[in-house]
Each structure stands twice: as structure tokens, then as C-alpha cells.
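Chemist: The structure that follows is given in the form of C-alpha cells.
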Amino acid sequence: MLGKNKYLLKSILTFKDGLVWTIFHMALGALATVSPYPIIAWYYLLVFDTIRAFIFVEGKERNFVLAYALVYFSSFELIGRMSSSSPYIPYESSKYIMMVLSLIGISFNVKNLKFSNLGFILLLLLLPSLFIDQSGLVKVSDIIFNLFGIFNIAFALIFLGTLQVDRWKFVSWVRLIAFPIIPVLVYVFLKTPDYSDLEFELSANFDTTGGFGSNQVSTVLGLGAFLFAVALILNYRITTNKLFDIVLFSAFSLQGLLTFSRGGMIGAALGLFTLIYFLLKVGKNQLKVLKIPNPKKYILPTVIGLVFFFILGNIITGGNLALRYQGQTAGTMTGNHEVDFNKFTSARWQLFAEDMVVFAEYPIFGAGGASSKYLRNLTQNEITHVELSRLIAEHGMFGLMITVLFGVMYFRIRDSKIDGINKAVQMSFFVLAIFTSFHAATRTFLTPLLVSLSMVTIVDYSKIKAVKKKKAERAKLQSFMAGQI
């Protein structure tokens, strides 16, 4: 039986239990191919254990129970969908979970809220769009689908802004994202026919995504490849076993490439290069202080691994993988179409351009939240894929200010005083999150979650304790001296 200060999410974070939890989550993925009930049972067991922990843990630990739950349950969303666990696990579960947990966290930390927090500014800029609908067609489901993601960024920034995370522990939060997406990998792997039986065409491949939405699955597989690459470069063990980490990195990378949905893997590569760029700025002295091996020696093997799996994927697909990443389609190969920017972006450029037409018509307050798809011409009713154009079209000048606000976030992370390792991780989170918003908007859990984590305050508790100790000793000395007078 777990004690009051011990709970399942904390066990998942613990290094020594990593291999057990890896095998457990792999088993969940395998069972999900047969029945949704193991997924549902685990989900609610964890919900009840988290509620128990929240009630009984002491002091500031309550905030971390909420934060851990926010990260884990958000990442768990896709396997819930793929296993057909709705309505027991809501289809948009990450949106509800993130909002509810953030609001609970905010309500328990009213005294600690900082109104200079960028989350408050974002929230104020978003609110007007809820009262405008130039199309007259927006439904509640449209609001949930299109706006809850960006609102969750605001709420999560406000709540997580009340936390101070020890710099030695932040990287371990990667586990809370990685473990819930391991079942997705196992599920799609088991559902994928033998590669030799597949016909790889120059479009997204549903055979390698378990029959599920290729953009979402590719995004999550790319995230998995990225997280295990981060762990390998930092010489950190997600599963506690280096070989197991390499196997999972390899599997996420290859399966992500074979979805033929490019956004997830391009995002993973971009996040990885961001990590590498900032790690190259970390000096030897800082690495010595942090007591970690030089991550630079792990960079080249990781990059070589990615290149190797791209070449392997290209061989498996008979050369079609490379053509797909060049933007080629069946139409361009037959000469019926040319490879232009719109073709290369899978028609996202046209969506962007038509959103700008909507903005030109409603430049001040925008067309209203979730309304742009009803006001476009050629792409009417098409799902929004580019968050930037959606913000500008639906929020008008406020959307432009939100865009600037994200720029401010970037510079805050870049110029923060935290150690170079954690800064590199947070910068890579932020870049991956923003890139993902250009091909999946904020509909998936990835962008809201990673933007929020990239802005978490990281502190060195060892220094804080040392300062407090010095102050206490100084006060004791002053008291002693006063008694001698």
C-alpha cells in the first residue's frame, strides 16, 4: 500500500522504477489492440490514486501532484482515442484535464499568483474572441476543438508559474511525457502489417498509424523520438537501461518516418537541433558543477542514428520516403501538378492565405473564435492547421499581440539565468511546440504542454539552502555578539 507521501505518479518519476514502468506501458499498448478496458482501468486507477495523493500529501507537494497529473494525463490522450475508450476517457481528454487541473492549481495558489505572468496577458487577449462570431455558425464543439488548446496554455502558464522546480529534477519530468506515449508506439507497431506487404504512396500512410489520424500519430511518434534523443544526448535514462532507450528511440524514429506524415519527424529534428545548439554553449565548468558527463560526445551518434533510420526507411519504401519529404505527390510525379509551396505544405499555405483574407475583412477584433473555417472560400470547413493564421484571422489585432507574446516567451527562456542544460531542454521544448502549431495548430496536447513546461521556473535549491544557512549563521552570530555587549 502506498503511503500518504507516496503515489503512482511519483513512482513513475523515480529512476529505480523506470524499467518496470516501461514494461507496464508497453503491455498497456499491446492490450489496447484487443480491448479498451485495460487502458480505462489504468486511467481511473491513476485518477483515484492522484486524488488520494492530493488530499493526503503535505504542503507544497500538492502543487506537484497537480503538475505531474497535468503532464501525464495530457500525454495519455492519444492512446485513449486509439483504443476507443470514449466516453470513459473523453475524446478531447487532454483539453479538459489540463484546464481543470490548472484551474484547481490556480485556486489553491491565489496568494502566490503573479499578475505579471504572461499567462494572464494571454488570457486577456483571448477573451474578446469568445463574444464574437462573424459567421453565425460556431458551435460549442468548435470552441472546444479550436480554442481550448490556446486557453490551456494561458491557464497552465498561470498555474505552473507558481511552482519552483529543482534544476536537478526538471529533466526527469520527461518520463511523465514519454511513458504515456509508449503504448501508442506499441499499438501502431502491432497494428502495422508486414512492411513488405505495404504499398507506400506519396501521401500520409494510415497502415503505419494503426488506422488512426496520421498527423496526430506522427506528431506523437516524433515527440517520442525527440524525448529519447534528448535522454541519450544528456546521458539520462528514461527506462534506466541505455540499450532499452536506444531501442525505443529507434522504434519511434522509424515508425514516425513510415507514417509519411512529415510534421512530427521534422518537428523532432528541429527540437533536437535546438537542443544541440544550446548545449554547444554550455561550458566545461558548468558541466563540472552539474556533475554530468559532457553531452557533446553523444550528439554525433544521435544525429547519425536519425540519418540511418531515414536511409533505412527510404529503402523499405522503395525510395518514396525521400520523395515524400521533397514534397512530391502522385500528381507531381505524373506531371499533372508542380511542386510549389502549397503542395509542399499539404495545402496549409492556402489555408494560411485564406485566413489572411478573413483578417483583412475583420482586422480589429477578428472574425471570432473558431469561425474562420466557415468564412474561407476555397477551404471552407477545412480544419485549421496553422495556429498563427487562426490567431490572426479569428482574434484580429489581439491575435497579432498574442504572436508577439510568444516572441517574448522565446527571449525570456533564451535570456534566463538557469543552467545551460535546463535552458537547452526548455528551448527545445518551446521550438518543437511552436513548430507543431504550424501543422497541427493547438489541437493536440503537445503545443500547450510543451509551451507551459518551457516557461516553468527552475531554481537551484542547493544554493537557496546554502544562502538560508549563511543568513541563519549570521543572525546567530549577531545575536551572540549582542549578548556580549
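Residue numbering restarts at 1 for every chain of the C-alpha cells, chains are lettered A, B, ... in their displayed order, and ligands are numbered from 1 as they appear.
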For Ile266 (chain A), find every residue with an atom within 8 Å (counting only C-alpha atoms), except residues of its own chain fewer than 4 positions away, and show them as a PyMOL selection string.
Modeler: chain A and resi 222+262+270
Chemist: Can you pull out the residues contacting Tyr410 (chain A)? Cut-off 9 Å, using only C-alpha atoms, and skip same-chain residues under 3 positions away; I want them as a PyMOL selection string.
Modeler: chain A and resi 405-407+413-415+427+430-431
Chemist: So that I can see what lies close to Lys114 (chain A), please list as a count of residues only the residues with an atom at most 12 Å from it, counting only C-alpha atoms and leaving out residues fewer than 3 positions away in the same chain.
Modeler: 16
Chemist: Go through region 272-401 of chain A and collect every residue that DSSP, computed from the backbone, puts in alpha helix (DSSP H); the answer should be as a ChimeraX atom specification.
Modeler: /A:272-279,284-290,296-316,320-325,330-333,341-344,348-361,372-375,387-395,397-401
Chemist: With distances taken over only C-alpha atoms, which residue among A:Tyr374, A:Phe73, A:Phe445, A:Tyr325 lies nearest Asp142 (chain A)?
Modeler: A:Tyr374
Chemist: By how many Å are CA of Ala229 (chain A) and CA of Phe249 (chain A) apart?
Modeler: 6.5 Å
